[in-house]
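Asker: Sharing a structure with you now.
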Amino acid sequence: MKPSSIGHILKERKTTKIFQTNKSSDMIQEKDLQFYPEAHRDVNIDSHPKRGSNGIFEFNRTQLLILSLFIRIPEIFRMIKGLLEKKEALKKDILVYQTPYNKLKQDATVKKEELKNKILERETKLESTVNEREQIERDLANRGFSSVGDETNSSAPIPVKQEPKKQTWKKVLKMIGIWIVLEGFALIIQWASLVEEKSIEEIIVRMVAMILVLGFYHYASDESQKSKSFVYPVYTGFNILMVDLMMIAPPVLYHYFPTTPETTDIASAWSLTGDNNIATSVSQSDTPSLVQLYRKNEWFPAAISLILFLVIYPLRNRLSKNDDAQEQVKAQPEQPKVQKPMQHPLSHLKQVEKQLKDELDALKKGLKDIDDNPTDLLPVINKIEPIKNECLAIDEKVSILKSELDRLLLELEAKLKDYEDEYRDVLKNDEIKSQFIHPEFPLRKDILNHFKIDNYEII
Amino acid sequence: MKSSKFILTLSTVIALAMTGCNSITECESIEHTEAIVLMDVSDPKLYTEIENDLTQNFPKFMQQTGLGAIKACQKFTLGFAHLSGKEALELSAASISIERRRQSKSAERSQSNPEPLVKLMQKKITDYRHLTEDPKMTAGSNIANVLFKSIIHANGESESLILLFTDGVENNTLINFYKKIPSEADVSIAIEKMIEPAVLEQFRKVQKQGLNTRIVFILKPEPSNKTSLRDIRTFWTAFFKELKLDGHVQFVDNLTTPVQL
């Protein structure tokens, strides 16, 4: 059988259908490649696959044609490589957040451990306290004492001394009321002398001075009720004195040293003879200088009161501390008289028990909060989660692309192998050439080299 | 910390209360009244007459007119100048004022006390007495020129009154009433001679804007009886009429005669 005829027979046995995507038109083009005739032609034109002296494999014509049909292989590889690089970058991002995340997680764990230890400690203590209390109660019962009264004592709610704002306002309003009454009274009885010797400014200053002194009086009397210090009663007394002085002094002084001048008519005032030209207050010269000084400065009592207040007010904390200390000293010797025997340790134990229970509740709540609501970790988790999801998506894409790449490589190798078989058959039939030509066929690395895929192992 | 806050608040409240008073007592504007007394020193006898009138009747005049009686936010200025051979207005003035509202009555009385004005007046009466012995001063009389300078000076935003103590005899290089008192027909020519052109021009400007000056012309008889008082009065009446001042001028013999301000 002639090789040509054999080729025609074999033409039917090795045929491949290759689907190639035309990028420009997106149309699928079907191409039939018949390996036997191509191999026959290659042998005839001496297009033999061989390895070059530099070790680089040299594909022959048909092999190159086959390789050209698998152009998607390098594309897919580049896509995988890009995705892997992106993943590496994301991994670095994760590392940035991972360190504080680990630290916070570690802190939370340490805190949890501490809380657990504390809970354990409190529980042990509570147990021993309960045992001790029960023992005492049993002892009391054995001796004929009842602990009911004690319980009511210890658990009775302590009346909270309320100092609402309402009371403060009431005090202020009361003070303003007193001021209005006093000043109104003072203005009515002193009006003639006031307008004679005082400007509106001085009257306002006097009124402000009065309300200041009244304010200081109320403050001092209020504090003297709370505090045991002698300072406040003295200051209260002083303020009462100042209020009285401001109320009584003007009319008294007006009575003894009247200020109304003798009326001088305009003609006398303009007299050019020089005997009666000055319409001054006649009584001014007779008034003692101290009286004149007081009349000009009726705010003086308020000023003294204010200065004393400025001295006393910053010392109020010290004064109240002294009070507390004194009260404690006084209270200590009285304690045994009030407490019955055995009632004090029992109530103390109950208090301790209650306190321990409260502490335990708080600690358990803290532990639950850490488990339920890791608020410290949340921001970090919120940052890491999307990056991790993105990495997972990349992995999925890479996996799909890798399987596609493997499939294509295997398909390519299969095609090359089919071609190799046909080529060997044709060469074997050519007795002359078969003696001189020893073709080589490509390995996986030669295919990868052809596609310039130099680090396939990374995927 | 709490105490310092409290003290600071308290101090602020007190300071505000104090400073808040200013707006209550401040005057929005001061109402100003001015009076200028022009005394003729060209003749010692005439001056004695004027001095007597002033010393005896001025206090009553002030009482009657209520001129120097000021209230809150009012000011009164009293000025003195002499009429003599000099053409210049040599004005000396003093003021009293109450520049704040709602003061005590005693303070207001003290501030409205005319003592400084009376002292100035006493001083000026004495000073002018000495001037009557100065020949330069008695050599002539420039009544109209000094009067109109006074009108221009006084006619500001304030109400003003000019008390003119004179015998009305104008006697200078340009015009001499001893020789001839100008007739009513010659008044306008006489005005040009009696008042400097610049002063007259200034007066007309002031007059256009509105004149708030009143003149009390205390016309004294000429001591040597060389001129007729009636002629003098006729001339000055025509003089003021020509200058459209007749509504602003009142002629009296002395300060006891009631005037309308």
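The way I read the labels, and the way they are meant: chains A, B, ... in the order of the structure tokens, residue 1 as the first residue of every chain, and ligand 1 as the first ligand shown, with later ones counted on from there.
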If you count only C-alpha atoms, which residues fall within 8 Å of Ala209 in chain A, apart from same-chain ones fewer than 2 positions away, as a list of chain:residue names?
Answerer: A:Val205, A:Arg206, A:Met207, A:Ile211, A:Leu212, A:Val213, A:Trp299, A:Pro301, A:Ala302, A:Ala303
Asker: Those residues you just picked out, can you put them in a file as a compact mmCIF listing (two decimals), in the first residue's frame with C-alpha atoms?
Answerer:
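Below you can see part24.txt, which holds the result:
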```txt
# COMPACT_ATOMS: atom_id res chain seq x y z
CA VAL A 205 -26.84 100.13 94.83
CA ARG A 206 -28.49 100.32 98.24
CA MET A 207 -31.20 97.87 97.16
CA ILE A 211 -30.54 91.83 98.86
CA LEU A 212 -26.90 90.72 99.08
CA VAL A 213 -26.91 90.96 102.85
CA TRP A 299 -23.46 99.77 100.67
CA PRO A 301 -22.34 96.89 105.46
CA ALA A 302 -22.98 94.75 102.38
CA ALA A 303 -19.33 95.09 101.36
```
Asker: Using only C-alpha atoms, what does the table of chain B residues within 9 Å of chain A look like, with each row giving the shortest atom pair and its distance in Å to one decimal, sorted by chain and ascending number, as a Markdown table?
Answerer:
```
| residue | atom | partner | partner_atom | distance |
| --- | --- | --- | --- | --- |
| B:Ser3 | CA | A:Pro314 | CA | 5.9 |
| B:Ser4 | CA | A:Pro314 | CA | 7.9 |
| B:Ile7 | CA | A:Leu310 | CA | 7.4 |
| B:Ile14 | CA | A:Val208 | CA | 7.9 |
| B:Ala17 | CA | A:Val208 | CA | 7.7 |
| B:Met18 | CA | A:Val205 | CA | 7.0 |
| B:Cys21 | CA | A:Glu201 | CA | 5.6 |
| B:Asn22 | CA | A:Glu201 | CA | 7.9 |
| B:Ile24 | CA | A:Glu201 | CA | 8.0 |
| B:Thr25 | CA | A:Glu201 | CA | 7.5 |
| B:Leu54 | CA | A:Leu272 | CA | 8.5 |
| B:Thr55 | CA | A:Leu272 | CA | 5.8 |
| B:Gln56 | CA | A:Leu272 | CA | 8.1 |
| B:Phe58 | CA | A:Trp270 | CA | 7.5 |
| B:Pro59 | CA | A:Ala267 | CA | 4.4 |
| B:Lys60 | CA | A:Ala267 | CA | 5.3 |
| B:Phe61 | CA | A:Ala267 | CA | 8.1 |
| B:Met62 | CA | A:Ala267 | CA | 6.8 |
| B:Gln63 | CA | A:Ala267 | CA | 5.4 |
| B:Gln64 | CA | A:Ala267 | CA | 8.7 |
| B:Gly66 | CA | A:Ile266 | CA | 8.2 |
| B:Gly68 | CA | A:Ile266 | CA | 8.5 |
| B:Ala69 | CA | A:Ile266 | CA | 7.7 |
| B:Arg101 | CA | A:Ser199 | CA | 8.5 |
| B:Arg102 | CA | A:Ile200 | CA | 5.5 |
| B:Gln103 | CA | A:Ser199 | CA | 3.8 |
| B:Ser104 | CA | A:Ser199 | CA | 4.1 |
| B:Lys105 | CA | A:Glu196 | CA | 4.6 |
| B:Ser106 | CA | A:Glu196 | CA | 5.6 |
| B:Ala107 | CA | A:Glu197 | CA | 7.3 |
| B:Arg109 | CA | A:Ala279 | CA | 7.4 |
| B:Ser110 | CA | A:Thr280 | CA | 6.6 |
| B:Asn113 | CA | A:Ala279 | CA | 6.7 |
| B:Pro114 | CA | A:Trp270 | CA | 6.6 |
| B:Glu115 | CA | A:Ile278 | CA | 6.4 |
| B:Leu117 | CA | A:Trp270 | CA | 8.5 |
| B:Val118 | CA | A:Trp270 | CA | 6.2 |
| B:Lys119 | CA | A:Leu272 | CA | 8.0 |
| B:Met121 | CA | A:Leu272 | CA | 7.8 |
| B:Gln122 | CA | A:Leu272 | CA | 6.4 |
```
Asker: Let's have the selection written as a CSV table (one decimal), in the first residue's frame, with N, CA and C atoms.
Answerer:
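Once written, part_24.csv looks like this:
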```csv
chain,number,residue,atom,x,y,z
B,3,SER,N,-16.5,76.6,94.3
B,3,SER,CA,-16.6,77.9,95.0
B,3,SER,C,-16.1,79.0,94.2
B,4,SER,N,-15.0,78.8,93.4
B,4,SER,CA,-14.5,79.8,92.5
B,4,SER,C,-15.5,80.2,91.5
B,7,ILE,N,-18.2,82.3,93.2
B,7,ILE,CA,-17.8,83.7,93.5
B,7,ILE,C,-17.7,84.5,92.2
B,14,ILE,N,-22.9,91.4,90.5
B,14,ILE,CA,-22.8,92.7,91.2
B,14,ILE,C,-22.3,93.7,90.2
B,17,ALA,N,-24.9,94.8,87.8
B,17,ALA,CA,-25.9,95.6,88.5
B,17,ALA,C,-25.4,97.1,88.6
B,18,MET,N,-24.1,97.1,88.8
B,18,MET,CA,-23.4,98.5,89.0
B,18,MET,C,-23.4,99.2,87.6
B,21,CYS,N,-26.5,100.7,85.8
B,21,CYS,CA,-27.1,102.0,86.2
B,21,CYS,C,-26.7,103.1,85.3
B,22,ASN,N,-25.6,103.0,84.6
B,22,ASN,CA,-25.2,104.1,83.7
B,22,ASN,C,-26.2,104.5,82.7
B,24,ILE,N,-29.3,104.3,82.9
B,24,ILE,CA,-30.5,104.9,83.5
B,24,ILE,C,-30.2,106.4,83.7
B,25,THR,N,-29.0,106.7,84.0
B,25,THR,CA,-28.6,108.1,84.4
B,25,THR,C,-28.0,108.9,83.3
B,54,LEU,N,-27.4,146.4,86.8
B,54,LEU,CA,-27.0,145.0,86.9
B,54,LEU,C,-27.0,144.5,88.3
B,55,THR,N,-26.4,145.3,89.2
B,55,THR,CA,-26.2,144.8,90.6
B,55,THR,C,-27.6,144.8,91.2
B,56,GLN,N,-28.4,145.7,91.0
B,56,GLN,CA,-29.7,145.8,91.7
B,56,GLN,C,-30.8,144.8,91.0
B,58,PHE,N,-30.4,142.5,88.2
B,58,PHE,CA,-30.1,141.3,87.5
B,58,PHE,C,-30.6,140.0,88.2
B,59,PRO,N,-30.5,139.9,89.6
B,59,PRO,CA,-31.0,138.7,90.2
B,59,PRO,C,-32.5,138.6,90.0
B,60,LYS,N,-33.2,139.8,90.1
B,60,LYS,CA,-34.7,139.7,89.9
B,60,LYS,C,-35.0,139.3,88.4
B,61,PHE,N,-34.2,139.9,87.5
B,61,PHE,CA,-34.4,139.6,86.1
B,61,PHE,C,-34.2,138.0,85.9
B,62,MET,N,-33.2,137.5,86.5
B,62,MET,CA,-33.0,136.0,86.3
B,62,MET,C,-34.2,135.2,86.9
B,63,GLN,N,-34.7,135.7,88.1
B,63,GLN,CA,-35.8,135.0,88.7
B,63,GLN,C,-37.0,135.1,87.8
B,64,GLN,N,-37.2,136.3,87.3
B,64,GLN,CA,-38.4,136.6,86.5
B,64,GLN,C,-38.4,135.7,85.2
B,66,GLY,N,-36.4,133.1,84.7
B,66,GLY,CA,-36.0,131.7,84.9
B,66,GLY,C,-34.9,131.3,84.0
B,68,GLY,N,-31.5,131.2,84.2
B,68,GLY,CA,-30.4,130.3,84.7
B,68,GLY,C,-30.8,129.1,85.5
B,69,ALA,N,-32.2,128.9,85.6
B,69,ALA,CA,-32.6,127.7,86.3
B,69,ALA,C,-32.6,126.5,85.4
B,101,ARG,N,-29.0,112.3,84.6
B,101,ARG,CA,-30.4,112.3,85.0
B,101,ARG,C,-30.5,111.6,86.3
B,102,ARG,N,-31.6,111.7,87.0
B,102,ARG,CA,-32.0,111.0,88.2
B,102,ARG,C,-31.0,111.1,89.3
B,103,GLN,N,-30.4,112.3,89.4
B,103,GLN,CA,-29.5,112.4,90.6
B,103,GLN,C,-30.2,112.8,91.8
B,104,SER,N,-29.6,112.9,92.9
B,104,SER,CA,-30.2,113.3,94.1
B,104,SER,C,-30.5,114.8,94.0
B,105,LYS,N,-31.6,115.3,94.7
B,105,LYS,CA,-31.9,116.7,94.6
B,105,LYS,C,-30.8,117.6,95.1
B,106,SER,N,-30.1,117.1,96.1
B,106,SER,CA,-29.0,118.0,96.6
B,106,SER,C,-27.9,118.1,95.6
B,107,ALA,N,-27.6,117.0,94.9
B,107,ALA,CA,-26.6,117.0,93.8
B,107,ALA,C,-27.0,118.0,92.7
B,109,ARG,N,-29.1,120.5,92.9
B,109,ARG,CA,-29.0,121.8,93.4
B,109,ARG,C,-27.6,122.3,93.4
B,110,SER,N,-26.7,121.5,93.8
B,110,SER,CA,-25.3,121.9,93.8
B,110,SER,C,-24.8,122.2,92.4
B,113,ASN,N,-26.2,125.4,90.9
B,113,ASN,CA,-25.8,126.6,91.7
B,113,ASN,C,-25.1,127.6,90.8
B,114,PRO,N,-25.6,128.8,90.6
B,114,PRO,CA,-25.0,129.7,89.7
B,114,PRO,C,-23.7,130.4,90.2
B,115,GLU,N,-23.2,129.9,91.3
B,115,GLU,CA,-22.1,130.6,92.0
B,115,GLU,C,-20.9,130.9,91.0
B,117,LEU,N,-21.0,131.5,87.9
B,117,LEU,CA,-21.4,132.5,86.9
B,117,LEU,C,-21.5,133.9,87.7
B,118,VAL,N,-22.0,133.9,88.9
B,118,VAL,CA,-22.0,135.1,89.7
B,118,VAL,C,-20.6,135.6,89.9
B,119,LYS,N,-19.7,134.7,90.2
B,119,LYS,CA,-18.3,135.1,90.5
B,119,LYS,C,-17.7,135.8,89.2
B,121,MET,N,-19.4,137.2,86.9
B,121,MET,CA,-20.0,138.4,86.6
B,121,MET,C,-19.4,139.5,87.5
B,122,GLN,N,-19.2,139.2,88.8
B,122,GLN,CA,-18.6,140.2,89.7
B,122,GLN,C,-17.2,140.6,89.2
```
Asker: If you run DSSP on this backbone, which residues of range 100-179 of chain B come out as helix (DSSP H, G or I), and could you give them as an MDAnalysis selection string?
Answerer: chainID B and resid 105:112 115:131 135:138 143:154
Asker: Tell me, as a list in words, which residues lie within 10 Å of range 207-210 of chain B, counting only C-alpha atoms; anything in the same chain fewer than 5 positions away does not count.
Answerer: Ile151, Ile152, Asn155, Gly156, Glu201, Gln202, Leu243, Lys244 and Leu245 of chain B
Asker: When you look at range 167-179 of chain A with a cut-off of 8 Å (counting only C-alpha atoms), what residues show up, excluding the ones that are within fewer than 4 positions of it in the same chain? I need them as a list of chain:residue names.
Answerer: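 Contacts, in chain order: A:Glu163, A:Glu183, A:Met210, A:Ile211, A:Leu214, A:Gly215, A:His218.
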Asker: Applying 12 Å and only C-alpha atoms, which residues near Leu405 in chain A remain after dropping the ones on its own chain fewer than 6 positions away? List them as a ChimeraX atom specification.
Answerer: /A:70-80,398-399,411-412,448,453,456,459
Asker: Kindly save the residues from that selection, with N, CA, C and O atoms included, as a CSV table (one decimal), in the first residue's frame.
Answerer:
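Output (part_37.csv):
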```
chain,number,residue,atom,x,y,z
A,70,PHE,N,-4.6,26.8,21.0
A,70,PHE,CA,-4.8,26.8,22.4
A,70,PHE,C,-4.2,28.1,23.0
A,70,PHE,O,-3.6,28.2,24.1
A,71,ILE,N,-4.5,29.2,22.3
A,71,ILE,CA,-4.0,30.5,22.7
A,71,ILE,C,-4.6,31.0,24.1
A,71,ILE,O,-4.1,31.8,24.8
A,72,ARG,N,-5.7,30.4,24.5
A,72,ARG,CA,-6.4,30.8,25.8
A,72,ARG,C,-5.6,30.3,27.0
A,72,ARG,O,-5.8,30.9,28.1
A,73,ILE,N,-4.7,29.3,26.7
A,73,ILE,CA,-3.9,28.9,27.9
A,73,ILE,C,-3.1,30.0,28.5
A,73,ILE,O,-3.2,30.2,29.8
A,74,PRO,N,-2.3,30.8,27.8
A,74,PRO,CA,-1.5,31.8,28.5
A,74,PRO,C,-2.5,32.9,29.0
A,74,PRO,O,-2.2,33.5,30.1
A,75,GLU,N,-3.6,33.1,28.3
A,75,GLU,CA,-4.5,34.2,28.9
A,75,GLU,C,-5.0,33.8,30.2
A,75,GLU,O,-5.1,34.6,31.2
A,76,ILE,N,-5.5,32.5,30.3
A,76,ILE,CA,-6.0,32.0,31.6
A,76,ILE,C,-4.9,32.1,32.7
A,76,ILE,O,-5.2,32.5,33.8
A,77,PHE,N,-3.7,31.7,32.2
A,77,PHE,CA,-2.6,31.7,33.2
A,77,PHE,C,-2.4,33.2,33.8
A,77,PHE,O,-2.2,33.4,35.0
A,78,ARG,N,-2.4,34.1,32.8
A,78,ARG,CA,-2.2,35.5,33.3
A,78,ARG,C,-3.3,36.0,34.2
A,78,ARG,O,-3.1,36.6,35.2
A,79,MET,N,-4.5,35.5,33.9
A,79,MET,CA,-5.7,35.9,34.8
A,79,MET,C,-5.5,35.3,36.2
A,79,MET,O,-5.7,36.0,37.2
A,80,ILE,N,-5.0,34.0,36.2
A,80,ILE,CA,-4.8,33.4,37.5
A,80,ILE,C,-3.7,34.1,38.3
A,80,ILE,O,-3.9,34.4,39.5
A,398,VAL,N,-10.0,31.4,40.9
A,398,VAL,CA,-8.7,30.7,40.6
A,398,VAL,C,-8.9,29.2,40.3
A,398,VAL,O,-8.4,28.6,39.4
A,399,SER,N,-9.7,28.6,41.2
A,399,SER,CA,-10.0,27.2,41.1
A,399,SER,C,-10.7,26.9,39.8
A,399,SER,O,-10.3,25.9,39.1
A,411,GLU,N,-5.9,18.6,27.0
A,411,GLU,CA,-6.4,18.5,25.7
A,411,GLU,C,-5.3,18.7,24.6
A,411,GLU,O,-5.2,18.0,23.7
A,412,LEU,N,-4.5,19.8,24.9
A,412,LEU,CA,-3.4,20.1,24.0
A,412,LEU,C,-2.4,18.9,23.9
A,412,LEU,O,-2.0,18.5,22.8
A,448,LEU,N,4.9,24.8,28.1
A,448,LEU,CA,4.8,25.9,29.0
A,448,LEU,C,5.8,27.0,28.5
A,448,LEU,O,5.5,28.2,28.5
A,453,ILE,N,5.2,30.6,29.9
A,453,ILE,CA,4.7,30.4,31.3
A,453,ILE,C,5.8,29.9,32.1
A,453,ILE,O,6.2,28.7,32.0
A,456,TYR,N,4.8,28.0,36.4
A,456,TYR,CA,3.5,27.3,36.4
A,456,TYR,C,3.2,26.8,37.8
A,456,TYR,O,2.1,26.7,38.2
A,459,ILE,N,0.8,28.0,40.7
A,459,ILE,CA,-0.7,27.8,40.8
A,459,ILE,C,-1.0,26.4,41.2
A,459,ILE,O,-2.1,26.0,41.3
```
Asker: May I have all residues of range 77-220 of chain B that DSSP, computed from the backbone, assigns to strand (DSSP E or B), given as number ranges by chain?
Answerer: B: 77-83, 92-98, 100, 141, 159-166, 171, 176, 213-219
Asker: Print the selection's residues with N, CA and C atoms to a file, as an mmCIF file, in the first residue's frame.
Answerer:
```cif
data_model
loop_
_atom_site.group_PDB
_atom_site.id
_atom_site.type_symbol
_atom_site.label_atom_id
_atom_site.label_comp_id
_atom_site.auth_asym_id
_atom_site.auth_seq_id
_atom_site.Cartn_x
_atom_site.Cartn_y
_atom_site.Cartn_z
ATOM 1 N N THR B 77 -24.920 128.796 79.851
ATOM 2 C CA THR B 77 -23.635 129.497 79.748
ATOM 3 C C THR B 77 -23.905 131.002 79.816
ATOM 4 N N LEU B 78 -23.113 131.652 80.605
ATOM 5 C CA LEU B 78 -23.241 133.111 80.706
ATOM 6 C C LEU B 78 -21.916 133.735 80.266
ATOM 7 N N GLY B 79 -22.015 134.641 79.291
ATOM 8 C CA GLY B 79 -20.800 135.261 78.774
ATOM 9 C C GLY B 79 -20.838 136.774 78.925
ATOM 10 N N PHE B 80 -19.680 137.353 78.992
ATOM 11 C CA PHE B 80 -19.577 138.817 79.146
ATOM 12 C C PHE B 80 -18.597 139.368 78.121
ATOM 13 N N ALA B 81 -18.990 140.503 77.539
ATOM 14 C CA ALA B 81 -18.074 141.189 76.618
ATOM 15 C C ALA B 81 -18.335 142.691 76.735
ATOM 16 N N HIS B 82 -17.355 143.477 76.374
ATOM 17 C CA HIS B 82 -17.524 144.935 76.516
ATOM 18 C C HIS B 82 -17.688 145.595 75.159
ATOM 19 N N LEU B 83 -18.397 146.706 75.158
ATOM 20 C CA LEU B 83 -18.531 147.528 73.958
ATOM 21 C C LEU B 83 -17.659 148.758 74.189
ATOM 22 N N SER B 92 -15.841 136.485 77.699
ATOM 23 C CA SER B 92 -15.466 135.593 78.811
ATOM 24 C C SER B 92 -16.742 134.896 79.247
ATOM 25 N N ALA B 93 -16.678 133.550 79.380
ATOM 26 C CA ALA B 93 -17.916 132.816 79.692
ATOM 27 C C ALA B 93 -17.678 131.748 80.745
ATOM 28 N N ALA B 94 -18.743 131.401 81.417
ATOM 29 C CA ALA B 94 -18.716 130.288 82.377
ATOM 30 C C ALA B 94 -20.039 129.535 82.239
ATOM 31 N N SER B 95 -20.007 128.272 82.631
ATOM 32 C CA SER B 95 -21.218 127.444 82.448
ATOM 33 C C SER B 95 -21.575 126.697 83.719
ATOM 34 N N ILE B 96 -22.840 126.370 83.803
ATOM 35 C CA ILE B 96 -23.290 125.390 84.809
ATOM 36 C C ILE B 96 -24.115 124.361 84.040
ATOM 37 N N SER B 97 -24.048 123.129 84.493
ATOM 38 C CA SER B 97 -24.812 122.096 83.789
ATOM 39 C C SER B 97 -25.122 120.921 84.715
ATOM 40 N N ILE B 98 -26.206 120.213 84.387
ATOM 41 C CA ILE B 98 -26.532 118.941 85.068
ATOM 42 C C ILE B 98 -26.495 117.884 83.975
ATOM 43 N N ARG B 100 -26.264 114.558 84.175
ATOM 44 C CA ARG B 100 -26.796 113.205 84.420
ATOM 45 C C ARG B 100 -28.223 113.311 84.930
ATOM 46 N N SER B 141 -16.927 153.882 70.159
ATOM 47 C CA SER B 141 -17.877 152.824 70.495
ATOM 48 C C SER B 141 -18.286 152.080 69.222
ATOM 49 N N GLU B 159 -30.319 127.865 72.334
ATOM 50 C CA GLU B 159 -31.121 129.087 72.430
ATOM 51 C C GLU B 159 -30.232 130.131 73.093
ATOM 52 N N SER B 160 -30.283 131.365 72.591
ATOM 53 C CA SER B 160 -29.395 132.357 73.204
ATOM 54 C C SER B 160 -30.106 133.703 73.394
ATOM 55 N N LEU B 161 -29.563 134.417 74.350
ATOM 56 C CA LEU B 161 -30.115 135.734 74.677
ATOM 57 C C LEU B 161 -28.944 136.705 74.808
ATOM 58 N N ILE B 162 -29.106 137.857 74.208
ATOM 59 C CA ILE B 162 -28.052 138.874 74.331
ATOM 60 C C ILE B 162 -28.639 140.075 75.079
ATOM 61 N N LEU B 163 -27.979 140.409 76.167
ATOM 62 C CA LEU B 163 -28.389 141.595 76.939
ATOM 63 C C LEU B 163 -27.419 142.718 76.571
ATOM 64 N N LEU B 164 -27.961 143.708 75.917
ATOM 65 C CA LEU B 164 -27.101 144.769 75.396
ATOM 66 C C LEU B 164 -27.295 146.041 76.241
ATOM 67 N N PHE B 165 -26.300 146.328 77.094
ATOM 68 C CA PHE B 165 -26.351 147.524 77.947
ATOM 69 C C PHE B 165 -25.555 148.643 77.261
ATOM 70 N N THR B 166 -26.255 149.664 76.728
ATOM 71 C CA THR B 166 -25.556 150.740 76.010
ATOM 72 C C THR B 166 -26.451 151.989 75.888
ATOM 73 N N ASN B 171 -19.851 155.439 67.742
ATOM 74 C CA ASN B 171 -18.868 156.507 67.575
ATOM 75 C C ASN B 171 -17.537 155.901 67.184
ATOM 76 N N ASN B 176 -20.387 158.613 63.351
ATOM 77 C CA ASN B 176 -20.368 159.273 64.663
ATOM 78 C C ASN B 176 -21.751 159.848 64.941
ATOM 79 N N THR B 213 -31.696 133.548 68.328
ATOM 80 C CA THR B 213 -31.140 134.491 69.311
ATOM 81 C C THR B 213 -32.146 135.630 69.542
ATOM 82 N N ARG B 214 -32.296 135.953 70.823
ATOM 83 C CA ARG B 214 -33.155 137.101 71.145
ATOM 84 C C ARG B 214 -32.249 138.177 71.755
ATOM 85 N N ILE B 215 -32.621 139.429 71.489
ATOM 86 C CA ILE B 215 -31.793 140.543 71.975
ATOM 87 C C ILE B 215 -32.651 141.437 72.882
ATOM 88 N N VAL B 216 -32.122 141.681 74.045
ATOM 89 C CA VAL B 216 -32.777 142.659 74.936
ATOM 90 C C VAL B 216 -31.887 143.902 74.940
ATOM 91 N N PHE B 217 -32.397 144.950 74.357
ATOM 92 C CA PHE B 217 -31.622 146.188 74.195
ATOM 93 C C PHE B 217 -31.951 147.096 75.378
ATOM 94 N N ILE B 218 -31.048 147.150 76.376
ATOM 95 C CA ILE B 218 -31.287 147.997 77.546
ATOM 96 C C ILE B 218 -30.681 149.370 77.214
ATOM 97 N N LEU B 219 -31.535 150.217 76.704
ATOM 98 C CA LEU B 219 -31.077 151.504 76.172
ATOM 99 C C LEU B 219 -31.018 152.542 77.300
#
```
Asker: As a ChimeraX atom specification, please: the residues near Leu131 in chain B (cut-off 7 Å, only C-alpha atoms, same-chain neighbours under 4 positions excluded).
Answerer: /B:41,127,137
